[in-house]
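S.K.: Contents of query.cif (mmCIF, C-alpha atoms) are given next:
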data_run
#
loop_
_atom_site.label_atom_id
_atom_site.label_comp_id
_atom_site.auth_asym_id
_atom_site.auth_seq_id
_atom_site.Cartn_x
_atom_site.Cartn_y
_atom_site.Cartn_z
CA MET E 1 71.45 107.61 176.98
CA ASN E 2 75.21 107.56 176.87
CA HIS E 3 77.07 107.00 180.07
CA LYS E 4 80.75 106.50 180.69
CA ASP E 5 82.05 104.15 183.31
CA THR E 6 83.32 106.37 186.10
CA LYS E 7 86.14 103.98 186.88
CA THR E 8 87.24 104.06 183.27
CA GLN E 9 87.14 107.83 183.34
CA ARG E 10 89.36 107.86 186.42
CA GLN E 11 91.84 105.51 184.86
CA SER E 12 91.70 107.26 181.51
CA GLY E 13 92.54 110.52 183.19
CA SER E 14 95.47 108.99 185.01
CA ALA E 15 96.81 107.18 181.98
CA VAL E 16 96.44 110.22 179.78
CA ARG E 17 98.42 112.30 182.28
CA ILE E 18 101.22 109.74 182.37
CA CYS E 19 101.19 109.29 178.61
CA PHE E 20 100.78 112.89 177.70
CA ASP E 21 104.16 113.35 176.03
CA SER E 22 104.93 109.76 175.15
CA GLY E 23 103.34 109.29 171.72
CA PRO E 24 101.62 106.38 169.94
CA LEU E 25 103.32 103.50 171.76
CA CYS E 26 102.02 104.75 175.06
CA LEU E 27 98.58 105.19 173.54
CA CYS E 28 98.61 101.49 172.60
CA VAL E 29 99.58 100.53 176.14
CA PHE E 30 96.89 102.79 177.51
CA VAL E 31 94.21 101.29 175.24
CA SER E 32 95.33 97.75 176.15
CA LEU E 33 95.13 98.55 179.84
CA TRP E 34 91.71 100.11 179.32
CA PHE E 35 90.38 96.94 177.73
CA LEU E 36 91.92 94.74 180.40
CA THR E 37 90.55 96.86 183.17
CA ALA E 38 87.12 97.34 181.67
CA SER E 39 86.69 93.63 181.19
CA ALA E 40 88.20 91.74 184.02
CA SER E 41 87.52 93.38 187.35
CA ALA E 42 85.84 91.67 190.26
CA HIS E 43 82.34 90.60 189.45
CA HIS E 44 80.76 93.10 191.82
CA GLY E 45 82.94 96.10 190.93
CA ASN E 46 86.05 97.56 192.50
CA SER E 47 84.90 101.03 193.40
CA ALA E 48 86.03 100.56 197.02
CA TYR E 49 89.68 100.42 195.92
CA ASP E 50 92.14 102.99 194.59
CA GLU E 51 92.97 101.36 191.28
CA GLN E 52 95.18 104.21 190.10
CA ALA E 53 98.01 103.24 192.42
CA ARG E 54 99.93 100.01 193.03
CA VAL E 55 101.34 99.77 196.53
CA PRO E 56 103.80 97.14 197.87
CA VAL E 57 102.82 95.66 201.22
CA LYS E 58 105.10 93.15 202.96
CA GLY E 59 103.86 90.61 205.43
CA THR E 60 103.30 87.04 206.52
CA VAL E 61 100.41 85.00 205.15
CA THR E 62 98.06 83.79 207.89
CA GLU E 63 95.45 82.15 205.62
CA PHE E 64 94.69 81.63 201.93
CA VAL E 65 90.92 81.30 201.49
CA TRP E 66 90.11 79.41 198.25
CA THR E 67 86.38 80.15 197.84
CA ASN E 68 84.03 81.48 195.18
CA PRO E 69 83.58 83.97 193.86
CA HIS E 70 86.56 85.62 195.57
CA ALA E 71 89.65 84.01 196.97
CA GLN E 72 91.23 85.95 199.84
CA ILE E 73 94.67 86.30 201.38
CA ASN E 74 94.91 87.21 205.04
CA LEU E 75 98.25 88.81 205.77
CA ASP E 76 99.93 89.95 208.99
CA VAL E 77 101.54 93.32 208.34
CA LYS E 78 103.60 95.40 210.76
CA ASP E 79 102.52 99.03 210.76
CA LYS E 80 104.98 101.89 211.22
CA ASN E 81 104.73 101.55 215.00
CA GLY E 82 105.58 97.87 214.89
CA LYS E 83 102.02 96.77 215.65
CA VAL E 84 100.86 93.75 213.65
CA VAL E 85 97.62 94.25 211.74
CA ASN E 86 95.89 91.45 209.86
CA TRP E 87 94.99 92.63 206.37
CA GLY E 88 92.26 91.09 204.19
CA ILE E 89 93.17 91.00 200.50
CA GLU E 90 90.50 90.17 197.94
CA THR E 91 91.43 88.46 194.71
CA ASN E 92 89.83 86.61 191.78
CA SER E 93 87.75 83.44 191.76
CA PRO E 94 89.51 80.06 191.97
CA GLY E 95 88.56 79.51 188.31
CA ILE E 96 90.39 82.61 187.12
CA LEU E 97 93.31 81.91 189.45
CA THR E 98 93.56 78.33 188.18
CA ARG E 99 93.76 79.57 184.60
CA ALA E 100 96.55 81.91 185.74
CA GLY E 101 98.50 78.96 187.17
CA TRP E 102 97.53 79.24 190.85
CA THR E 103 96.33 76.36 193.04
CA ARG E 104 94.81 76.28 196.49
CA ARG E 105 98.32 75.50 197.74
CA SER E 106 99.98 78.49 196.06
CA LEU E 107 100.07 80.33 199.37
CA LYS E 108 100.19 78.93 202.88
CA ALA E 109 100.34 80.29 206.40
CA GLY E 110 103.84 81.45 207.22
CA ASP E 111 104.82 82.49 203.68
CA GLU E 112 106.77 85.76 203.67
CA VAL E 113 105.54 87.79 200.72
CA THR E 114 105.37 91.25 199.25
CA ILE E 115 102.05 91.95 197.55
CA ILE E 116 101.68 94.71 194.98
CA LEU E 117 98.09 95.76 195.58
CA CYS E 118 95.36 98.38 195.35
CA LEU E 119 94.47 99.87 198.73
CA ALA E 120 90.95 100.43 200.03
CA LYS E 121 90.08 104.10 199.59
CA ASN E 122 88.81 104.40 203.16
CA GLY E 123 92.15 103.46 204.75
CA ALA E 124 90.96 100.12 206.16
CA PRO E 125 93.50 97.25 206.08
CA ILE E 126 91.70 95.82 203.07
CA ALA E 127 93.08 95.60 199.53
CA TYR E 128 92.56 94.07 196.10
CA ILE E 129 94.76 92.17 193.68
CA GLY E 130 93.53 90.52 190.51
CA SER E 131 93.19 90.30 186.76
CA GLY E 132 91.33 93.62 186.62
CA ASP E 133 94.36 95.53 187.83
CA PRO E 134 97.50 94.82 185.80
CA GLY E 135 100.66 94.97 187.85
CA THR E 136 99.13 93.56 191.01
CA LYS E 137 100.91 90.36 192.08
CA VAL E 138 102.43 88.34 194.89
CA ILE E 139 106.23 88.19 195.22
CA PHE E 140 107.76 85.53 197.45
CA SER E 141 110.95 86.12 199.42
CA ASP E 142 112.85 83.89 196.94
CA GLY E 143 111.72 86.03 194.02
CA ARG E 144 108.98 83.76 192.67
CA GLU E 145 105.85 85.59 191.57
CA LEU E 146 102.14 84.86 191.22
CA ASP E 147 100.32 87.05 188.72
CA PHE E 148 96.96 86.97 186.93
CA LYS E 149 97.82 86.36 183.29
CA ASP E 150 95.40 83.85 181.75
CA ARG E 151 97.63 80.98 180.61
CA THR E 152 94.73 79.50 178.60
CA ALA E 153 94.07 82.62 176.53
CA GLN E 154 94.55 82.19 172.79
CA MET Z 155 124.78 84.48 138.74
CA ARG Z 156 123.61 87.08 141.27
CA HIS Z 157 120.03 86.62 139.96
CA PHE Z 158 120.30 82.86 140.38
CA SER Z 159 121.63 83.29 143.93
CA ALA Z 160 118.71 85.46 144.94
CA HIS Z 161 116.28 82.83 143.70
CA SER Z 162 118.22 80.13 145.52
CA ILE Z 163 118.15 82.07 148.76
CA ALA Z 164 114.41 82.61 148.40
CA LEU Z 165 113.85 78.92 147.71
CA VAL Z 166 115.96 77.83 150.68
CA ALA Z 167 114.17 80.32 152.89
CA ALA Z 168 110.77 79.09 151.71
CA LEU Z 169 111.70 75.45 152.36
CA THR Z 170 113.23 76.32 155.72
CA PHE Z 171 110.27 78.27 157.06
CA ALA Z 172 107.44 76.39 155.35
CA PRO Z 173 107.18 73.71 158.07
CA LEU Z 174 106.91 76.46 160.68
CA ALA Z 175 104.24 78.29 158.75
CA MET Z 176 102.10 75.26 157.95
CA PRO Z 177 100.74 74.47 161.41
CA GLN Z 178 99.73 78.08 161.87
CA ALA Z 179 97.92 78.07 158.51
CA ALA Z 180 96.25 74.79 159.43
CA GLU Z 181 95.07 76.27 162.72
CA THR Z 182 93.60 79.37 161.20
CA GLN Z 183 91.79 77.28 158.59
CA ALA Z 184 90.59 74.60 161.04
CA LYS Z 185 87.32 73.14 159.89
CA PHE Z 186 84.18 73.76 161.88
CA ASN Z 187 80.48 73.02 161.65
CA ALA Z 188 78.58 76.29 161.94
CA HIS Z 189 75.69 74.42 163.58
CA ASP Z 190 77.89 72.83 166.25
CA LEU Z 191 78.88 75.27 168.97
CA SER Z 192 80.13 72.57 171.37
CA GLY Z 193 82.99 73.71 173.53
CA VAL Z 194 84.04 76.16 176.21
CA TRP Z 195 83.70 79.79 175.22
CA GLN Z 196 84.14 83.20 176.79
CA PHE Z 197 83.07 86.69 175.84
CA ALA Z 198 86.05 88.73 174.65
CA PRO Z 199 86.64 92.11 176.28
CA GLY Z 200 84.81 95.04 174.81
CA GLY Z 201 81.34 96.40 174.32
CA GLY Z 202 79.53 97.01 177.54
CA GLY Z 203 81.93 95.10 179.77
CA GLN Z 204 79.99 92.96 182.21
CA GLY Z 205 76.61 93.84 180.73
CA PRO Z 206 74.85 94.83 177.54
CA GLY Z 207 76.30 98.36 177.78
CA ASP Z 208 75.31 101.80 178.92
CA ASN Z 209 73.85 102.93 175.61
CA PHE Z 210 70.35 101.94 176.59
CA PRO Z 211 67.29 103.74 175.23
CA PRO Z 212 65.47 106.34 177.34
CA LEU Z 213 63.79 104.78 180.34
CA THR Z 214 60.09 104.88 181.05
CA PRO Z 215 59.14 106.44 184.42
CA TRP Z 216 58.78 102.90 185.80
CA GLY Z 217 62.20 101.97 184.43
CA GLN Z 218 63.79 105.17 185.75
CA ALA Z 219 62.50 104.52 189.27
CA LYS Z 220 63.88 101.02 189.15
CA TYR Z 221 67.24 102.23 187.80
CA ASP Z 222 67.42 104.89 190.51
CA ALA Z 223 66.97 102.22 193.17
CA ASN Z 224 69.80 100.08 191.84
CA LYS Z 225 73.20 100.77 193.42
CA PRO Z 226 75.81 98.98 191.32
CA GLY Z 227 79.56 98.53 191.68
CA TYR Z 228 80.14 99.43 188.03
CA GLY Z 229 79.19 102.19 185.63
CA PRO Z 230 78.13 105.78 186.12
CA LYS Z 231 76.56 105.01 189.50
CA ALA Z 232 79.41 102.86 190.84
CA ALA Z 233 79.93 103.08 194.61
CA PRO Z 234 81.36 100.82 197.31
CA GLY Z 235 78.84 98.47 198.86
CA GLY Z 236 75.63 98.77 196.90
CA ASN Z 237 72.69 96.44 196.43
CA ASP Z 238 73.71 94.29 193.47
CA PRO Z 239 71.54 91.14 193.76
CA ILE Z 240 74.53 88.89 193.12
CA LEU Z 241 76.13 90.03 196.39
CA LYS Z 242 73.67 87.61 197.99
CA CYS Z 243 74.32 84.97 195.32
CA ASP Z 244 70.97 85.66 193.62
CA PRO Z 245 70.97 84.06 190.16
CA MET Z 246 72.46 86.41 187.55
CA GLY Z 247 69.85 85.53 184.94
CA VAL Z 248 69.80 86.20 181.21
CA PRO Z 249 71.50 88.12 179.70
CA ARG Z 250 73.86 89.12 182.55
CA ILE Z 251 75.35 85.66 183.03
CA LEU Z 252 76.67 85.80 179.46
CA PHE Z 253 78.79 88.88 180.08
CA VAL Z 254 80.61 87.93 183.28
CA ILE Z 255 84.33 87.35 183.28
CA TRP Z 256 84.09 83.56 183.40
CA PRO Z 257 83.72 81.02 180.55
CA PHE Z 258 80.73 78.84 179.72
CA GLU Z 259 80.29 75.57 177.88
CA ILE Z 260 77.79 74.98 175.08
CA ILE Z 261 76.44 71.43 175.02
CA HIS Z 262 74.19 70.04 172.25
CA ILE Z 263 71.79 67.28 173.29
CA PRO Z 264 68.70 66.00 171.44
CA GLY Z 265 66.01 68.69 171.42
CA ARG Z 266 68.00 71.14 173.53
CA ILE Z 267 71.13 73.20 173.80
CA LEU Z 268 72.56 73.59 177.29
CA MET Z 269 74.76 76.43 178.43
CA PHE Z 270 76.83 75.51 181.47
CA PHE Z 271 78.22 78.65 183.10
CA GLU Z 272 81.25 78.82 185.36
CA GLY Z 273 79.59 81.88 186.89
CA GLN Z 274 77.41 80.52 189.70
CA HIS Z 275 77.86 77.00 188.25
CA THR Z 276 74.56 77.30 186.44
CA ILE Z 277 72.92 75.40 183.59
CA ARG Z 278 70.58 77.17 181.22
CA GLU Z 279 68.44 75.21 178.77
CA ILE Z 280 67.35 76.33 175.31
CA TRP Z 281 64.62 74.27 173.69
CA MET Z 282 65.45 73.38 170.07
CA ASP Z 283 62.54 71.00 169.35
CA GLY Z 284 60.29 73.54 167.67
CA ARG Z 285 57.98 74.01 170.64
CA LYS Z 286 55.98 77.16 171.27
CA PHE Z 287 56.31 79.28 174.39
CA PRO Z 288 54.01 78.41 177.30
CA ASP Z 289 50.89 80.59 177.38
CA ASP Z 290 51.45 81.82 180.90
CA PRO Z 291 54.98 80.91 182.00
CA ASP Z 292 56.00 81.18 185.62
CA PRO Z 293 58.39 84.12 186.02
CA ARG Z 294 61.96 82.83 186.13
CA TRP Z 295 65.44 84.17 186.75
CA TYR Z 296 66.57 82.75 183.40
CA GLY Z 297 63.26 82.99 181.56
CA TYR Z 298 62.05 80.38 179.10
CA SER Z 299 64.27 80.02 176.03
CA VAL Z 300 63.40 78.64 172.61
CA GLY Z 301 65.99 78.48 169.85
CA LYS Z 302 66.13 77.81 166.12
CA TRP Z 303 68.64 78.02 163.30
CA ASP Z 304 68.25 80.85 160.83
CA GLY Z 305 70.80 79.81 158.22
CA ASP Z 306 74.04 79.61 160.18
CA THR Z 307 72.80 81.82 162.99
CA LEU Z 308 71.44 80.35 166.21
CA VAL Z 309 68.56 82.58 167.27
CA ILE Z 310 67.41 82.26 170.90
CA GLU Z 311 64.28 84.01 172.07
CA THR Z 312 63.57 84.24 175.79
CA THR Z 313 60.52 85.44 177.71
CA GLY Z 314 58.96 84.69 181.08
CA PHE Z 315 61.43 86.58 183.27
CA ASN Z 316 61.00 87.73 186.84
CA GLU Z 317 62.01 91.32 187.67
CA LYS Z 318 64.72 90.51 190.21
CA THR Z 319 67.85 90.45 188.04
CA TRP Z 320 69.93 93.23 186.53
CA LEU Z 321 70.85 93.11 182.86
CA GLY Z 322 74.45 93.88 183.69
CA ALA Z 323 76.83 94.91 186.43
CA GLN Z 324 75.96 98.57 185.81
CA GLY Z 325 72.48 98.08 187.26
CA GLN Z 326 70.38 98.22 184.09
CA PRO Z 327 66.83 97.25 185.07
CA HIS Z 328 64.17 95.19 183.31
CA SER Z 329 60.60 94.05 183.84
CA ASP Z 330 58.66 90.82 183.49
CA GLN Z 331 57.62 92.04 180.03
CA MET Z 332 61.17 91.68 178.71
CA ARG Z 333 61.78 89.60 175.61
CA THR Z 334 65.38 89.01 174.55
CA ILE Z 335 66.69 87.74 171.23
CA GLU Z 336 70.26 86.42 171.14
CA ARG Z 337 72.02 85.67 167.86
CA TYR Z 338 75.10 83.47 167.69
CA ARG Z 339 76.96 83.02 164.40
CA ARG Z 340 80.16 80.99 164.31
CA VAL Z 341 82.36 82.80 161.82
CA ASP Z 342 85.47 80.65 162.21
CA HIS Z 343 86.68 77.75 164.34
CA ASP Z 344 87.48 79.96 167.32
CA THR Z 345 84.97 82.80 167.02
CA ILE Z 346 81.25 83.44 167.47
CA GLU Z 347 79.70 86.79 166.63
CA PHE Z 348 77.04 87.70 169.19
CA ASN Z 349 74.16 90.14 168.95
CA LEU Z 350 71.50 90.87 171.54
CA THR Z 351 68.16 92.66 171.24
CA ILE Z 352 66.20 93.62 174.35
CA ASP Z 353 62.55 94.53 174.02
CA ASP Z 354 60.96 95.67 177.27
CA PRO Z 355 58.29 98.37 176.79
CA LYS Z 356 57.61 98.62 180.52
CA THR Z 357 61.24 99.68 181.16
CA TYR Z 358 62.62 101.16 177.92
CA THR Z 359 60.88 103.42 175.44
CA LYS Z 360 62.51 101.71 172.46
CA THR Z 361 63.97 98.37 171.53
CA TRP Z 362 67.58 98.12 172.70
CA ASN Z 363 70.14 96.70 170.30
CA ALA Z 364 73.15 96.03 172.48
CA GLU Z 365 76.67 96.49 171.19
CA PRO Z 366 77.81 93.46 169.15
CA ARG Z 367 80.26 91.21 170.96
CA THR Z 368 82.74 88.50 170.09
CA ILE Z 369 82.91 85.15 171.85
CA LYS Z 370 86.16 83.17 171.71
CA LEU Z 371 86.75 79.44 172.05
CA LYS Z 372 88.85 78.38 175.04
CA PRO Z 373 90.26 74.99 174.08
CA GLY Z 374 91.31 72.73 176.92
CA VAL Z 375 89.54 74.74 179.61
CA GLU Z 376 87.37 72.81 182.07
CA ILE Z 377 84.53 74.45 183.95
CA PRO Z 378 85.50 74.11 187.62
CA GLU Z 379 83.04 73.83 190.49
CA SER Z 380 82.15 77.44 191.05
CA PHE Z 381 78.95 77.77 193.03
CA CYS Z 382 78.17 81.09 194.62
CA VAL Z 383 77.61 79.91 198.18
CA ALA Z 384 75.59 82.34 200.29
CA SER Z 385 77.37 81.47 203.53
CA GLU Z 386 80.79 82.01 201.93
CA GLU Z 387 79.65 85.25 200.33
CA GLU Z 388 78.40 86.41 203.73
CA GLU Z 389 81.80 85.67 205.29
CA PHE Z 390 83.49 87.52 202.44
CA ALA Z 391 81.19 90.53 202.97
CA LYS Z 392 82.03 90.65 206.68
CA ARG Z 393 85.77 90.23 206.15
CA ILE Z 394 86.34 92.32 203.01
CA ARG Z 395 83.43 94.10 201.35
CA GLU Z 396 81.82 95.82 204.29
CA PRO Z 397 85.04 97.07 205.96
CA ALA Z 398 86.18 98.43 202.57
CA ALA Z 399 82.87 100.23 202.02
CA ARG Z 400 82.50 101.96 205.39
#
Represent the supplied structure as structure tokens.
M.R.:
Amino acid sequence: MNHKDTKTQRQSGSAVRICFDSGPLCLCVFVSLWFLTASASAHHGNSAYDEQARVPVKGTVTEFVWTNPHAQINLDVKDKNGKVVNWGIETNSPGILTRAGWTRRSLKAGDEVTIILCLAKNGAPIAYIGSGDPGTKVIFSDGRELDFKDRTAQ
Amino acid sequence: MRHFSAHSIALVAALTFAPLAMPQAAETQAKFNAHDLSGVWQFAPGGGGQGPGDNFPPLTPWGQAKYDANKPGYGPKAAPGGNDPILKCDPMGVPRILFVIWPFEIIHIPGRILMFFEGQHTIREIWMDGRKFPDDPDPRWYGYSVGKWDGDTLVIETTGFNEKTWLGAQGQPHSDQMRTIERYRRVDHDTIEFNLTIDDPKTYTKTWNAEPRTIKLKPGVEIPESFCVASEEEEFAKRIREPAAR
């Protein structure tokens, strides 16, 4: 019985469309992304999120929850009508974040940040950032960034 | 003269770059004891991702019914929400715990090898003292594991499972008749070759030889405290998972 991961199929389709006319270099990038994505997503799967798009969302951190197996960032975001909505943003485990250089103090209430994230497909103010989705990251107002590269990888 | 100069340049270049090249050569040729797997390791990407893969043999009717009931977050049946047992912090069990995206430490002690997993902060024990399996073992999440060395390959056989775990994040089922055989062969200082055979006639119509995998050493990495805490997972479900799955 041969199955294909549906998420991989989605991403393959997207990457192939982008890479269609770009030749071997793009193929390498695509294959690398495939391996990264196939191997390092959240432990329970990310099918609730649109992982084909990366969306910047600006806001103010209200809480950084440093728990297993998913750390979370709660973020106050102004919608287009000026109403503040508190978003919940899932990310990796503290272990993975630690190996990427984060600590439990990396974010604190009041931090002004832009987060490049994957939105929930159902439109809820929920999102994902993490090692399974290259390009997702936190950008502080002074330009510093937090990403998910494993600094201990050989 | 030109010939001499070319040789000179080559010699200077060799002397200049030799010190840079030597540490790298030393690293790649670092000595190792094939029977000592001590250290922190992690499965490299590839194969079946967070499980033994989707290339499983045809299911029995019992296995198909069980597979149909599983609603995973990965694989061909992936959907938001679902009923993955680990969403309630149920133990991942063998072999699933091996494939998760977190490292594990191998610890040799007299008569046993311990595997200490970052995932769920769990210790698994493998008996290396030549004992036989219990006649009627209690069903366990991690089964009962007995290991031995076959040349330079560590062979771990496990039986005595319960039926509550999935074999991987894609929802592959198994029964209490499952017997797994893991093979670990350290091929260089930083690399173990891993093979897994799953024999479960109640669930699969044939023996399943999972895709070979590579395990890489992670020097300097400590296993942090990483329990899956049911109360925290419940809070996470209320705040994130359930709103995203509605």
S.K.: Sorted by chain and rising residue number, list the residues of chain Z at most 8 Å from chain E (counting only C-alpha atoms), each with its closest atom pair and distance in Å to one decimal, as CSV.
M.R.:
residue,atom,partner,partner_atom,distance
Z:Pro199,CA,E:Ser39,CA,5.1
Z:Gly200,CA,E:Phe35,CA,6.6
Z:Gly203,CA,E:Ser39,CA,5.2
Z:Gln204,CA,E:Ser39,CA,6.8
Z:Asp208,CA,E:His3,CA,5.6
Z:Asn209,CA,E:Asn2,CA,5.0
Z:Phe210,CA,E:Met1,CA,5.8
Z:Pro211,CA,E:Met1,CA,5.9
Z:Pro212,CA,E:Met1,CA,6.1
Z:Pro226,CA,E:Gly45,CA,7.7
Z:Gly227,CA,E:Gly45,CA,4.2
Z:Tyr228,CA,E:Gly45,CA,5.2
Z:Gly229,CA,E:Asp5,CA,4.2
Z:Pro230,CA,E:Asp5,CA,5.1
Z:Lys231,CA,E:Thr6,CA,7.7
Z:Ala232,CA,E:Ser47,CA,6.3
Z:Ala233,CA,E:Ser47,CA,5.5
Z:Pro234,CA,E:Ala48,CA,4.7
Z:Gly235,CA,E:Ala48,CA,7.7
Z:Asp238,CA,E:His44,CA,7.3
Z:Ile240,CA,E:His44,CA,7.6
Z:Leu241,CA,E:His44,CA,7.2
Z:Val254,CA,E:His43,CA,6.9
Z:Ile255,CA,E:Ala40,CA,5.9
Z:Trp256,CA,E:Ile96,CA,7.4
Z:Glu272,CA,E:Gly95,CA,7.9
Z:Ala323,CA,E:His44,CA,6.9
Z:Lys372,CA,E:Ala153,CA,6.9
Z:Pro373,CA,E:Thr152,CA,7.8
Z:Gly374,CA,E:Thr152,CA,7.8
Z:Val375,CA,E:Thr152,CA,7.1
Z:Ile377,CA,E:Gly95,CA,7.8
Z:Pro378,CA,E:Gly95,CA,6.2
Z:Ser380,CA,E:Asn68,CA,6.1
Z:Phe381,CA,E:Asn68,CA,6.6
Z:Cys382,CA,E:Asn68,CA,5.9
Z:Val383,CA,E:Asn68,CA,7.3
Z:Glu386,CA,E:Thr67,CA,7.2
Z:Glu387,CA,E:Pro69,CA,7.7
Z:Phe390,CA,E:His70,CA,7.8
Z:Arg393,CA,E:Gly88,CA,6.8
Z:Ile394,CA,E:Gly88,CA,6.2
Z:Pro397,CA,E:Ala124,CA,6.7
Z:Ala398,CA,E:Ala120,CA,5.8
Z:Ala399,CA,E:Ala48,CA,5.9
Z:Arg400,CA,E:Asn122,CA,7.1
S.K.: Which residues, written as a ChimeraX atom specification, have at least one atom at most 12 Å from Leu268 of chain Z, with all atoms listed in the file counted and residues fewer than 2 positions away on the same chain left out?
M.R.: /Z:191-194,258-266,270-271,276-282,299-301,310
S.K.: Report, in Å with one decimal, the straight-line distance from atom CA of Ser106 of chain E to atom CA of Ile139 of chain E.
M.R.: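 Distance between the two atoms: 11.6 Å.
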S.K.: Determine the residue set returned by the PyMOL selection byres ((chain E and resi 143-146) around 10) for the present structure, and present it as a list in words.
M.R.: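 Going through the file, the PyMOL selection byres ((chain E and resi 143-146) around 10) ends up selecting Leu97, Ala100, Gly101, Trp102, Ser106, Leu107, Val113, Thr114, Ile115, Thr136, Lys137, Val138, Ile139, Phe140, Ser141, Asp142, Asp147, Phe148 and Lys149 of chain E.
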S.K.: Enter the distance from atom CA of Glu347 of chain Z to atom CA of Thr313 of chain Z, in Å, rounded to one decimal.
M.R.: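 For atom CA of Glu347 of chain Z relative to atom CA of Thr313 of chain Z, the distance reads 22.2 Å.
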S.K.: One decimal, Å: what's the distance from atom CA of Arg104 of chain E over to atom CA of Phe64 of chain E, could you say?
M.R.: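 Atom CA of Arg104 of chain E sits 7.6 Å away from atom CA of Phe64 of chain E.
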S.K.: Could you expand the PyMOL selection byres ((chain Z and resi 332) around 7) into the explicit residues it covers here, written as a PyMOL selection string?
M.R.: chain Z and resi 313+315+328-331+333-334+352-354
S.K.: Please produce an output containing C-alpha atoms for each residue in the selection, written as a PDB file, in the frame of the given file.
M.R.:
ATOM      1  CA  THR Z 313      60.520  85.440 177.710  1.00  0.00           C
ATOM      2  CA  PHE Z 315      61.430  86.580 183.270  1.00  0.00           C
ATOM      3  CA  HIS Z 328      64.170  95.190 183.310  1.00  0.00           C
ATOM      4  CA  SER Z 329      60.600  94.050 183.840  1.00  0.00           C
ATOM      5  CA  ASP Z 330      58.660  90.820 183.490  1.00  0.00           C
ATOM      6  CA  GLN Z 331      57.620  92.040 180.030  1.00  0.00           C
ATOM      7  CA  ARG Z 333      61.780  89.600 175.610  1.00  0.00           C
ATOM      8  CA  THR Z 334      65.380  89.010 174.550  1.00  0.00           C
ATOM      9  CA  ILE Z 352      66.200  93.620 174.350  1.00  0.00           C
ATOM     10  CA  ASP Z 353      62.550  94.530 174.020  1.00  0.00           C
ATOM     11  CA  ASP Z 354      60.960  95.670 177.270  1.00  0.00           C
TER      12      ASP Z 354
END
S.K.: Please identify all polymer residues within 7 Å of Val309 of chain Z, counting only C-alpha atoms, omitting same-chain residues fewer than 2 positions from it, and present them as a list in words.
M.R.: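 Contacts, in chain order: Gly301, Lys302, Trp303, Asp304, Thr307, Glu311, Ile335, Glu336, Arg337 and Tyr338 of chain Z.
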S.K.: Expand the PyMOL selection byres ((chain Z and resi 219) around 12) into the explicit residue set it covers here, and present it as a PDB file with C-alpha atoms, in the frame of the given file.
M.R.:
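Heads up, here's the output in out-v2.pdb:
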ATOM      1  CA  LEU Z 213      63.790 104.780 180.340  1.00  0.00           C
ATOM      2  CA  THR Z 214      60.090 104.880 181.050  1.00  0.00           C
ATOM      3  CA  PRO Z 215      59.140 106.440 184.420  1.00  0.00           C
ATOM      4  CA  TRP Z 216      58.780 102.900 185.800  1.00  0.00           C
ATOM      5  CA  GLY Z 217      62.200 101.970 184.430  1.00  0.00           C
ATOM      6  CA  GLN Z 218      63.790 105.170 185.750  1.00  0.00           C
ATOM      7  CA  LYS Z 220      63.880 101.020 189.150  1.00  0.00           C
ATOM      8  CA  TYR Z 221      67.240 102.230 187.800  1.00  0.00           C
ATOM      9  CA  ASP Z 222      67.420 104.890 190.510  1.00  0.00           C
ATOM     10  CA  ALA Z 223      66.970 102.220 193.170  1.00  0.00           C
ATOM     11  CA  ASN Z 224      69.800 100.080 191.840  1.00  0.00           C
ATOM     12  CA  GLN Z 326      70.380  98.220 184.090  1.00  0.00           C
ATOM     13  CA  PRO Z 327      66.830  97.250 185.070  1.00  0.00           C
ATOM     14  CA  HIS Z 328      64.170  95.190 183.310  1.00  0.00           C
ATOM     15  CA  SER Z 329      60.600  94.050 183.840  1.00  0.00           C
ATOM     16  CA  LYS Z 356      57.610  98.620 180.520  1.00  0.00           C
ATOM     17  CA  THR Z 357      61.240  99.680 181.160  1.00  0.00           C
ATOM     18  CA  TYR Z 358      62.620 101.160 177.920  1.00  0.00           C
TER      19      TYR Z 358
END
S.K.: Need to verify the contact set: Ser385 of chain Z, 10 Å, all atoms listed in the file, exclusion of same-chain residues closer than 4 positions in sequence. Can you return it as an mmCIF file with C-alpha atoms, keeping the file's coordinate frame?
M.R.:
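Below you can see selection.cif, which holds the result:
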data_model
loop_
_atom_site.group_PDB
_atom_site.id
_atom_site.type_symbol
_atom_site.label_atom_id
_atom_site.label_comp_id
_atom_site.auth_asym_id
_atom_site.auth_seq_id
_atom_site.Cartn_x
_atom_site.Cartn_y
_atom_site.Cartn_z
ATOM 1 C CA LYS Z 242 73.670 87.610 197.990
ATOM 2 C CA CYS Z 243 74.320 84.970 195.320
ATOM 3 C CA GLU Z 389 81.800 85.670 205.290
ATOM 4 C CA PHE Z 390 83.490 87.520 202.440
ATOM 5 C CA ALA Z 391 81.190 90.530 202.970
#
